[in-house]
Structure formats: C-alpha cells, structure tokens
$ cat protein37.txt   # compact mmCIF, C-alpha atoms
# COMPACT_ATOMS: atom_id res chain seq x y z
CA MET V 1 -4.21 -23.30 8.23
CA LYS V 2 -7.92 -22.87 8.95
CA ARG V 3 -7.83 -19.12 8.46
CA TYR V 4 -5.72 -19.49 5.32
CA ASN V 5 -8.18 -21.98 3.87
CA GLU V 6 -11.05 -19.62 4.63
CA MET V 7 -9.29 -16.77 2.84
CA LEU V 8 -8.37 -18.98 -0.11
CA GLN V 9 -11.96 -20.16 -0.52
CA TYR V 10 -13.24 -16.60 -0.25
CA PHE V 11 -10.74 -15.41 -2.85
CA ASN V 12 -11.47 -18.23 -5.27
CA ASN V 13 -15.21 -17.70 -4.99
CA ASP V 14 -14.86 -14.15 -6.32
CA ASN V 15 -11.89 -14.44 -8.68
CA SER V 16 -11.14 -16.63 -11.66
CA SER V 17 -8.55 -17.16 -14.35
CA SER V 18 -11.37 -16.82 -16.88
CA MET V 19 -11.95 -13.13 -16.14
CA ASP V 20 -12.91 -11.16 -19.25
CA ILE V 21 -9.73 -9.12 -19.53
CA GLU V 22 -10.96 -6.89 -22.36
CA ARG V 23 -14.07 -5.94 -20.40
CA TYR V 24 -11.94 -5.24 -17.34
CA LEU V 25 -9.59 -2.97 -19.29
CA ASN V 26 -12.49 -1.15 -20.96
CA ILE V 27 -14.17 -0.41 -17.64
CA ALA V 28 -10.89 0.75 -16.09
CA GLY V 29 -10.19 2.95 -19.13
CA GLU V 30 -13.62 4.56 -19.00
CA ASP V 31 -13.25 5.28 -15.30
CA LEU V 32 -9.82 6.82 -15.92
CA GLU V 33 -11.16 9.09 -18.67
CA TRP V 34 -14.00 10.24 -16.44
CA ARG V 35 -11.64 11.02 -13.56
CA LEU V 36 -9.19 12.86 -15.83
CA GLU V 37 -12.03 15.08 -17.01
CA ARG V 38 -12.95 15.83 -13.40
CA VAL V 39 -9.36 16.75 -12.53
CA TYR V 40 -8.89 19.12 -15.46
CA SER V 41 -12.29 20.74 -14.98
CA ALA V 42 -11.84 21.27 -11.24
CA ASP V 43 -10.99 24.56 -9.60
CA ASP V 44 -7.42 24.82 -8.40
CA SER V 45 -8.60 24.35 -4.80
CA ASP V 46 -10.08 20.94 -5.66
CA THR V 47 -7.55 19.70 -8.21
CA LEU V 48 -5.33 17.75 -5.83
CA LEU V 49 -8.32 16.09 -4.20
CA LYS V 50 -9.71 14.98 -7.57
CA ALA V 51 -6.26 13.76 -8.62
CA ASN V 52 -6.00 11.84 -5.38
CA TYR V 53 -9.13 9.85 -6.28
CA LEU V 54 -7.80 9.24 -9.79
CA PHE V 55 -4.46 7.91 -8.58
CA ARG V 56 -6.17 5.71 -6.00
CA ASP V 57 -8.55 4.07 -8.46
CA ALA V 58 -6.07 3.73 -11.32
CA SER V 59 -3.39 2.21 -9.11
CA SER V 60 -5.89 -0.24 -7.60
CA SER V 61 -7.00 -1.36 -11.06
CA ASP V 62 -3.44 -1.98 -12.18
CA LEU V 63 -2.47 -3.79 -8.98
CA TYR V 64 -5.45 -6.10 -9.26
CA LEU V 65 -4.58 -6.93 -12.86
CA TYR V 66 -0.93 -7.52 -11.92
CA SER V 67 -1.84 -9.83 -9.06
CA TRP V 68 -4.50 -11.63 -11.09
CA LYS V 69 -2.01 -12.46 -13.83
CA LEU V 70 0.53 -13.76 -11.32
CA PHE V 71 -1.88 -15.66 -9.10
CA PHE V 72 -3.62 -17.50 -11.92
CA LYS V 73 -0.43 -17.76 -14.01
CA VAL V 74 -2.16 -16.24 -17.01
CA GLU V 75 -0.17 -16.13 -20.22
CA ASN V 76 -0.99 -12.81 -21.89
CA ASN V 77 1.87 -11.01 -23.61
CA SER V 78 -0.23 -7.88 -24.11
CA ILE V 79 -0.15 -7.27 -20.35
CA ASP V 80 3.28 -6.13 -19.24
CA GLU V 81 3.73 -6.98 -15.57
CA ASN V 82 6.51 -4.44 -14.98
CA THR V 83 4.45 -1.60 -16.42
CA LEU V 84 1.48 -2.57 -14.25
CA LEU V 85 3.72 -2.59 -11.18
CA CYS V 86 5.35 0.72 -12.12
CA ASN V 87 1.89 2.20 -12.70
CA PHE V 88 0.83 1.09 -9.24
CA VAL V 89 3.95 2.40 -7.52
CA SER V 90 3.96 5.79 -9.25
CA MET V 91 0.23 6.41 -8.86
CA ARG V 92 0.00 5.21 -5.29
CA ALA V 93 3.00 7.36 -4.38
CA MET V 94 1.38 10.35 -6.08
CA GLU V 95 -1.82 9.66 -4.16
CA LEU V 96 0.10 9.80 -0.90
CA PHE V 97 1.96 12.99 -1.83
CA CYS V 98 -1.23 14.71 -3.00
CA ASP V 99 -2.93 13.80 0.25
CA TYR V 100 -0.05 14.96 2.42
CA ILE V 101 0.22 18.30 0.64
CA ASP V 102 -3.52 18.85 0.25
CA ASN V 103 -4.14 18.34 3.97
CA ARG V 104 -7.26 20.42 4.50
CA ASP V 105 -8.03 20.29 8.21
CA THR V 106 -6.68 19.34 11.59
CA VAL V 107 -8.05 15.82 11.41
CA GLY V 108 -5.31 15.18 8.92
CA PHE V 109 -4.86 12.59 6.25
CA TYR V 110 -7.65 10.07 5.78
CA LYS V 111 -9.08 10.69 9.26
CA GLU V 112 -9.26 7.27 10.91
CA GLN V 113 -8.19 5.44 7.76
CA PHE V 114 -4.50 5.21 8.49
CA TYR V 115 -4.35 1.85 6.76
CA LYS V 116 -4.76 3.71 3.47
CA GLN V 117 -1.23 4.93 4.07
CA GLY V 118 0.21 1.95 5.91
CA ILE V 119 -0.46 -0.59 3.18
CA PRO V 120 0.88 1.60 0.32
CA LEU V 121 4.03 2.41 2.29
CA LEU V 122 4.70 -1.28 2.85
CA MET V 123 3.98 -1.96 -0.81
CA LEU V 124 6.51 0.69 -1.85
CA ILE V 125 9.15 -0.98 0.29
CA MET V 126 8.12 -4.39 -1.03
CA THR V 127 8.58 -3.31 -4.67
CA GLY V 128 12.11 -2.06 -4.06
CA GLN V 129 11.07 1.60 -3.81
CA ILE V 130 12.14 2.23 -0.23
CA ASP V 131 13.35 5.73 -1.14
CA LEU V 132 9.79 6.69 -2.07
CA ALA V 133 8.59 5.45 1.30
CA ARG V 134 11.37 7.42 2.99
CA ARG V 135 10.14 10.59 1.29
CA CYS V 136 6.73 10.01 2.85
CA TYR V 137 8.05 9.74 6.40
CA PRO V 138 8.54 13.45 7.20
CA PHE V 139 5.18 14.29 5.66
CA PHE V 140 3.50 11.74 7.90
CA ILE V 141 5.26 12.94 11.03
CA ASP V 142 4.29 16.56 10.29
CA GLY V 143 0.69 15.51 9.67
CA LEU V 144 0.56 13.50 12.87
CA LYS V 145 1.41 16.64 14.85
CA ILE V 146 -1.92 18.21 13.84
CA PHE V 147 -3.97 15.01 13.90
CA ASP V 148 -7.05 15.51 16.06
CA ALA V 149 -8.09 12.06 17.29
CA LYS V 150 -11.20 13.48 18.94
CA ARG V 151 -12.64 14.25 15.52
CA ALA V 152 -11.99 10.78 14.12
CA ARG V 153 -15.17 8.74 14.18
CA LYS V 154 -13.84 5.33 15.09
CA LEU V 155 -10.17 4.94 15.79
CA LEU V 156 -9.30 1.31 16.40
CA PRO V 157 -5.82 -0.07 17.14
CA GLN V 158 -3.71 0.61 14.07
CA LYS V 159 -1.66 -2.06 12.36
CA THR V 160 -0.04 -1.53 8.94
CA ILE V 161 0.70 2.16 9.49
CA VAL V 162 2.44 1.34 12.77
CA LEU V 163 4.61 -1.29 11.09
CA ALA V 164 5.49 0.96 8.13
CA ILE V 165 6.20 4.15 10.07
CA GLU V 166 8.12 2.44 12.86
CA MET V 167 10.29 0.75 10.23
CA LEU V 168 11.05 4.12 8.64
CA ALA V 169 11.50 5.79 12.03
CA SER V 170 14.02 3.15 13.04
CA GLU V 171 16.38 4.39 10.33
CA HIS V 172 16.57 7.68 12.26
CA LYS V 173 16.90 5.94 15.62
CA GLN V 174 13.42 7.22 16.36
CA THR V 175 10.06 5.87 17.42
CA VAL V 176 6.61 7.45 17.36
CA ASP V 177 4.74 8.22 20.56
CA TRP V 178 1.41 7.10 19.13
CA GLN V 179 -0.40 7.36 22.44
CA SER V 180 0.40 11.05 22.84
CA HIS V 181 -1.25 11.67 19.48
CA GLY V 182 -4.34 9.70 20.44
CA VAL V 183 -3.62 6.84 18.04
CA PRO V 184 -4.09 3.34 19.53
CA VAL V 185 -1.76 0.68 18.18
CA GLU V 186 -1.93 -3.07 17.73
CA ARG V 187 1.02 -3.86 19.95
CA PHE V 188 2.32 -6.75 17.85
CA TYR V 189 3.35 -4.46 14.98
CA TYR V 190 5.09 -1.99 17.28
CA ASP V 191 6.94 -4.77 19.07
CA PHE V 192 7.88 -6.46 15.79
CA VAL V 193 10.03 -3.51 14.79
CA LYS V 194 11.70 -3.36 18.19
CA GLU V 195 12.33 -7.07 18.58
CA ALA V 196 12.67 -8.52 15.09
CA LEU V 197 13.32 -5.99 12.35
CA TYR V 198 17.11 -5.97 12.77
CA SER V 199 17.45 -9.30 14.55
CA GLN V 200 20.16 -11.72 13.41
CA ASP V 201 18.89 -14.54 15.60
CA GLU V 202 17.30 -16.81 12.99
CA ALA V 203 15.11 -18.71 15.45
CA VAL V 204 13.73 -15.53 16.97
CA LEU V 205 13.27 -13.93 13.55
CA LYS V 206 11.39 -16.94 12.16
CA GLU V 207 9.01 -16.86 15.09
CA TRP V 208 8.22 -13.19 14.54
CA LEU V 209 7.92 -13.56 10.76
CA THR V 210 5.52 -16.46 11.14
CA ALA V 211 3.44 -14.36 13.50
CA LEU V 212 3.57 -11.50 10.98
CA CYS V 213 2.05 -13.75 8.32
CA ASP V 214 -0.49 -15.11 10.79
CA ASN V 215 -1.54 -11.56 11.56
CA HIS V 216 -1.89 -10.85 7.84
CA LEU V 217 -4.51 -13.59 7.67
CA LYS V 218 -6.09 -12.53 10.95
CA TRP V 219 -6.67 -8.98 9.77
CA SER V 220 -7.67 -9.77 6.18
CA ALA V 221 -11.30 -9.00 5.40
CA ARG V 222 -13.98 -11.21 3.90
CA THR V 223 -16.32 -8.30 3.37
CA GLU V 224 -18.82 -10.12 1.18
CA VAL V 225 -19.57 -13.03 3.52
CA THR V 226 -19.23 -11.60 7.03
CA GLU V 227 -20.73 -8.67 8.89
CA ASP V 228 -17.70 -7.72 10.94
CA GLU V 229 -14.72 -8.10 8.60
CA TYR V 230 -14.16 -4.75 6.93
CA ALA V 231 -11.35 -2.21 7.02
CA LEU V 232 -12.92 0.35 9.32
CA ASN V 233 -13.57 -2.42 11.82
CA GLY V 234 -9.89 -3.27 12.07
CA TYR V 235 -9.61 -5.76 9.21
CA GLU V 236 -7.27 -3.48 7.31
CA ILE V 237 -6.37 -5.82 4.45
CA GLU V 238 -9.55 -5.45 2.44
CA PRO V 239 -8.61 -5.40 -1.29
CA GLN V 240 -8.99 -8.91 -2.65
CA GLU V 241 -5.67 -8.79 -4.48
CA LEU V 242 -3.91 -8.46 -1.13
CA LEU V 243 -5.67 -11.21 0.81
CA LEU V 244 -3.18 -13.94 -0.15
CA TRP V 245 -0.22 -11.63 -0.73
CA PRO V 246 2.38 -11.65 2.10
CA PHE V 247 3.40 -8.06 1.40
CA GLU V 248 4.39 -7.35 5.01
CA TYR V 249 6.91 -10.21 4.99
CA GLN V 250 8.24 -9.07 1.62
CA ALA V 251 8.52 -5.46 2.80
CA VAL V 252 10.45 -6.54 5.87
CA LYS V 253 12.71 -8.72 3.71
CA ASN V 254 13.52 -5.82 1.34
CA PHE V 255 14.02 -3.43 4.24
CA ARG V 256 16.52 -5.80 5.79
CA VAL V 257 18.33 -6.13 2.45
CA ALA V 258 18.70 -2.34 2.42
CA HIS V 259 20.45 -2.67 5.77
CA GLY V 260 22.71 -5.54 4.76
CA LEU V 261 20.67 -8.25 6.49
CA THR V 262 19.34 -11.53 5.14
CA THR V 263 15.91 -12.93 5.96
CA PRO V 264 15.15 -16.63 6.40
CA GLU V 265 12.35 -18.39 4.58
CA ILE V 266 9.56 -19.63 6.81
CA ASP V 267 7.10 -22.47 6.46
CA HIS V 268 3.83 -20.62 6.02
CA PRO V 269 1.02 -21.12 3.49
CA LEU V 270 1.17 -17.47 2.41
CA LEU V 271 4.71 -18.02 1.21
CA LYS V 272 3.54 -20.83 -1.06
CA THR V 273 1.19 -18.73 -3.16
CA PRO V 274 2.20 -17.43 -6.61
CA LEU V 275 2.36 -13.93 -5.09
CA ALA V 276 5.17 -14.93 -2.75
CA THR V 277 7.86 -13.89 -5.18
CA GLU V 278 10.06 -10.87 -5.86
CA HIS V 279 8.20 -7.79 -7.04
CA ARG V 280 10.56 -5.18 -8.46
CA ALA V 281 9.32 -2.06 -10.22
CA ASP V 282 11.91 -1.29 -12.92
CA PHE V 283 11.22 2.26 -14.05
CA SER V 284 13.94 2.10 -16.68
CA LYS V 285 11.57 -0.19 -18.61
CA TRP V 286 8.33 1.58 -17.70
CA ASP V 287 5.89 2.23 -20.53
CA VAL V 288 4.59 5.48 -19.05
CA PRO V 289 0.89 6.24 -19.62
CA GLU V 290 0.70 9.23 -21.94
CA TRP V 291 -1.50 11.16 -19.53
CA PHE V 292 0.75 10.70 -16.48
CA TYR V 293 3.37 13.46 -16.78
CA PRO V 294 0.97 16.09 -18.19
CA LEU V 295 -1.16 15.47 -15.12
CA VAL V 296 1.85 15.70 -12.81
CA ASP V 297 2.75 19.03 -14.46
CA ARG V 298 -0.81 20.25 -13.93
CA LEU V 299 -0.62 19.37 -10.24
CA ILE V 300 2.73 21.11 -9.87
CA SER V 301 1.24 24.24 -11.45
CA VAL V 302 -1.48 24.15 -8.79
CA ASN V 303 0.87 23.48 -5.88
CA SER V 304 4.61 23.93 -6.37
CA ARG V 305 5.35 21.78 -3.31
CA LEU V 306 4.80 18.81 -5.62
CA ALA V 307 7.65 19.86 -7.93
CA PHE V 308 9.92 17.14 -6.53
CA THR V 309 7.61 14.44 -7.94
CA ARG V 310 8.51 15.29 -11.54
CA GLU V 311 11.81 13.43 -11.30
CA LEU V 312 10.89 10.59 -8.96
CA PHE V 313 9.95 7.82 -11.34
CA LYS V 314 13.02 7.30 -13.48

$ encode --input "protein37.txt" --output "structure tokens"
Amino acid sequence: MKRYNEMLQYFNNDNSSSMDIERYLNIAGEDLEWRLERVYSADDSDTLLKANYLFRDASSSDLYLYSWKLFFKVENNSIDENTLLCNFVSMRAMELFCDYIDNRDTVGFYKEQFYKQGIPLLMLIMTGQIDLARRCYPFFIDGLKIFDAKRARKLLPQKTIVLAIEMLASEHKQTVDWQSHGVPVERFYYDFVKEALYSQDEAVLKEWLTALCDNHLKWSARTEVTEDEYALNGYEIEPQELLLWPFEYQAVKNFRVAHGLTTPEIDHPLLKTPLATEHRADFSKWDVPEWFYPLVDRLISVNSRLAFTRELFK
C-alpha cells in the first residue's frame, strides 16, 4: 500500500478534476495542426517519421483526456469516451506500423526504448483490439533480428515489451530468445507468461496477478519528484494517465478471454481505481477525425506496405 499511496499522492498533486478542458483541447488542436503541416510538407523520405510523431502526440493527448474523465468522474457530454479511446487505439497502432516499416538502421525501432512498443501493445490487447497487436508481432520479430544492442546507449532489463511479445508468441507456441539478441529481460514478466498466462489454478493465478499489479507500481515513474524514476532508467510506466491504471492486468484478462479462460478478481488497490473497468474501443461508433483517412492515404502513397492499414479500423 505504501507505494500505491505514493503514486496516488503524486498523481493528485499534478492532476485535478478542475482542469481547464477548453484550454487543453485548444493546445492539443494547435499541436495537431502544426504536426499535420510538417507531415504534408515533408519529403517522402521523412513523411513516415513525421507522421509517427503526430500519431504519438495525438494519441497521448486523447488517452490522457479519456483517463482524466474516467478517473475524476467528470460529466461532460461533449467528450465522447469511445471516440477518444478509438482515437488512441487507431493512432497508436499507426505509430507502431509507421515505425516498423520506416525502420531506418540496424539499431531498429526506438533503440533502447522498447517500452514505447510494450505499453501500446498491452493497451491494444486491453481495449479488445488483440488482432491489431497480433499484426504487430511479425514486424517486431523481424526487427529484432537486425537489432544491434551494442549501439543502444543504455539497455536495462526490459519489462512491458517482454510481457506483450511473450504473450503474442505463446499463441504460436513460441518464445523469444532475448539473450541471443542482446536484450536483457526483467525475469518476472518472462516467467509470468510461462507460469500464469494460461493457468487455471486460481490460487496460483491470483498470486501472479497480484505480483503483476505490484510490479506496475514498482516500475511507475514519479519523474517530477525523484531523480531516478524515469523511463530510460527502467521505470517504464511514465505517462501520468497510466500510473494508476492496471493495464497489464486488464490486458492479461482480455487475452485469457480470447482463449476461453476466465480471470479471478484480486484484492489490490489498483483494481479499486475508476480506471479498473472495461475499456472497449467500438469502431462501429467511432467519430473519425476528418484528417485521419486522408493522412493514412498519404502515407500509403509514400510506402505501399502500409496499404493494409486502410481497412483496419472498422
């Protein structure tokens, strides 16, 4: 409970139900316009990279707003939660696909920042979009083959990417030899998939799930009040909207549902927050941003390998 209370205090110190929503939306809109201009003015060789930044920032803005509304139980009918969640899913998925396909050197995707893939993959599974995560798996495996760990500046034991990829690998009766690729792993996440992911022993499963939530708190970052807690130092869960969000537990729960398994509830403070609920992105009700598909078409014109993305978000 001590670590949870520390994270709760940290979160509450920087976030409030009285946030000026109009100001937030205006700033996010201005940033989006600026990034769209940069994408459309870029040379073809830089277009995917510029789009990657756009999708990252826009999806982060929408996810924060979605989580803020849920956490503080804000009544605002002008903010559609499903559209915010669909925005996040579609844009974060596009960010991943752009990065995979626009892989420029042998260091590979994000260099040492594997968590920038691990967390989104888990979030895709958590929001009921496991098929999107599955599409990412072969891209990741191909990229890992050319990953040059010697060129990564500071490669610490990896956490969320190990959990996400090992979950996806398990569907193919596979596992990743991380060590042979020079990628150190936080053993708990690797062992979780082997020992708990498909377990039907409720006592064993509860023990592992509790530890999973404990590790969420352990590796969450209080970047503003500590010197050591930041993502590149191993505290992978850095965005404030994720600090009190048990997305790993929820991803595991949805993954097990996809395999016909139930998941027990556990007694953990993270599962008592307003974010500990079902998060389902329903694209049949998505109010698509008017700029989204024209941008996707632009990216496809630059690199036809992205053509499959045109029909993903339906």

$ residues_around --input "protein37.txt" --residues "Glu37 in chain V" --least-positions-apart "6" --cutoff "12 Å" --atoms "all atoms listed in the file" --output "MDAnalysis selection string"
chainID V and resid 30:31 47 50:51 54 291 295

$ write_last_selection --input "protein37.txt" --atoms "C-alpha atoms" --output "mmCIF file, in the frame of the given file"
data_model
loop_
_atom_site.group_PDB
_atom_site.id
_atom_site.type_symbol
_atom_site.label_atom_id
_atom_site.label_comp_id
_atom_site.auth_asym_id
_atom_site.auth_seq_id
_atom_site.Cartn_x
_atom_site.Cartn_y
_atom_site.Cartn_z
ATOM 1 C CA GLU V 30 -13.620 4.560 -19.000
ATOM 2 C CA ASP V 31 -13.250 5.280 -15.300
ATOM 3 C CA THR V 47 -7.550 19.700 -8.210
ATOM 4 C CA LYS V 50 -9.710 14.980 -7.570
ATOM 5 C CA ALA V 51 -6.260 13.760 -8.620
ATOM 6 C CA LEU V 54 -7.800 9.240 -9.790
ATOM 7 C CA TRP V 291 -1.500 11.160 -19.530
ATOM 8 C CA LEU V 295 -1.160 15.470 -15.120
#

$ residues_around --input "protein37.txt" --residues "Gly182 in chain V" --least-positions-apart "5" --cutoff "9 Å" --atoms "all atoms listed in the file" --output "list in words"
Phe147, Asp148, Ala149, Lys150 and Leu155 of chain V

$ residues_near_point --input "protein37.txt" --point "(12.8, -14.3, 11.3)" --cutoff "9 Å" --atoms "all atoms listed in the file" --output "list in words"
Ala196, Leu197, Ser199, Gln200, Asp201, Glu202, Ala203, Val204, Leu205, Lys206, Glu207, Trp208, Leu209, Thr210, Thr263, Pro264, Glu265 and Ile266 of chain V

$ atom_distance --input "protein37.txt" --atom1 "CA of Arg35 in chain V" --atom2 "CA of Ala281 in chain V"
24.9 Å

$ residues_around --input "protein37.txt" --residues "range 268-272 of chain V" --least-positions-apart "4" --cutoff "7 Å" --atoms "only C-alpha atoms" --output "list in words"
Thr210, Leu244, Trp245, Pro246 and Ala276 of chain V

$ atom_distance --input "protein37.txt" --atom1 "CA of Asn13 in chain V" --atom2 "CA of Ser67 in chain V"
16.0 Å

$ atom_distance --input "protein37.txt" --atom1 "CA of Gly29 in chain V" --atom2 "CA of Met7 in chain V"
29.5 Å

$ residues_around --input "protein37.txt" --residues "range 78-83 of chain V" --least-positions-apart "4" --cutoff "7 Å" --atoms "only C-alpha atoms" --output "list in words"
Tyr66, Asn87, Ala281, Asp282, Trp286 and Asp287 of chain V

$ write_last_selection --input "protein37.txt" --atoms "C-alpha atoms" --output "PDB file, keeping the file's coordinate frame"
ATOM      1  CA  TYR V  66      -0.930  -7.520 -11.920  1.00  0.00           C
ATOM      2  CA  ASN V  87       1.890   2.200 -12.700  1.00  0.00           C
ATOM      3  CA  ALA V 281       9.320  -2.060 -10.220  1.00  0.00           C
ATOM      4  CA  ASP V 282      11.910  -1.290 -12.920  1.00  0.00           C
ATOM      5  CA  TRP V 286       8.330   1.580 -17.700  1.00  0.00           C
ATOM      6  CA  ASP V 287       5.890   2.230 -20.530  1.00  0.00           C
TER       7      ASP V 287
END

$ residues_around --input "protein37.txt" --residues "Leu132 in chain V" --least-positions-apart "2" --cutoff "12 Å" --atoms "only C-alpha atoms" --output "ChimeraX atom specification"
/V:89-94,96-97,120-130,134-139,168,281,308-309,311-314

$ closest_residue --input "protein37.txt" --among "V:Glu238, V:Asp177, V:Glu195, V:Glu6" --to "Ile165 in chain V" --atoms "all atoms listed in the file"
V:Asp177

$ closest_residue --input "protein37.txt" --among "V:Val176, V:His181, V:Arg222, V:Arg187" --to "Pro157 in chain V" --atoms "all atoms listed in the file"
V:Arg187

$ closest_residue --input "protein37.txt" --among "V:Glu248, V:Glu290, V:Glu186, V:Asp214" --to "Asp267 in chain V" --atoms "all atoms listed in the file"
V:Asp214

$ closest_residue --input "protein37.txt" --among "V:Tyr40, V:Phe192, V:Phe114, V:Phe140" --to "Thr160 in chain V" --atoms "only C-alpha atoms"
V:Phe114

$ closest_residue --input "protein37.txt" --among "V:Ala42, V:Leu36, V:Met167, V:Leu156" --to "Val185 in chain V" --atoms "all atoms listed in the file"
V:Leu156

$ closest_residue --input "protein37.txt" --among "V:Ala251, V:Ile146, V:Ile119, V:Cys213" --to "Ile237 in chain V" --atoms "all atoms listed in the file"
V:Ile119
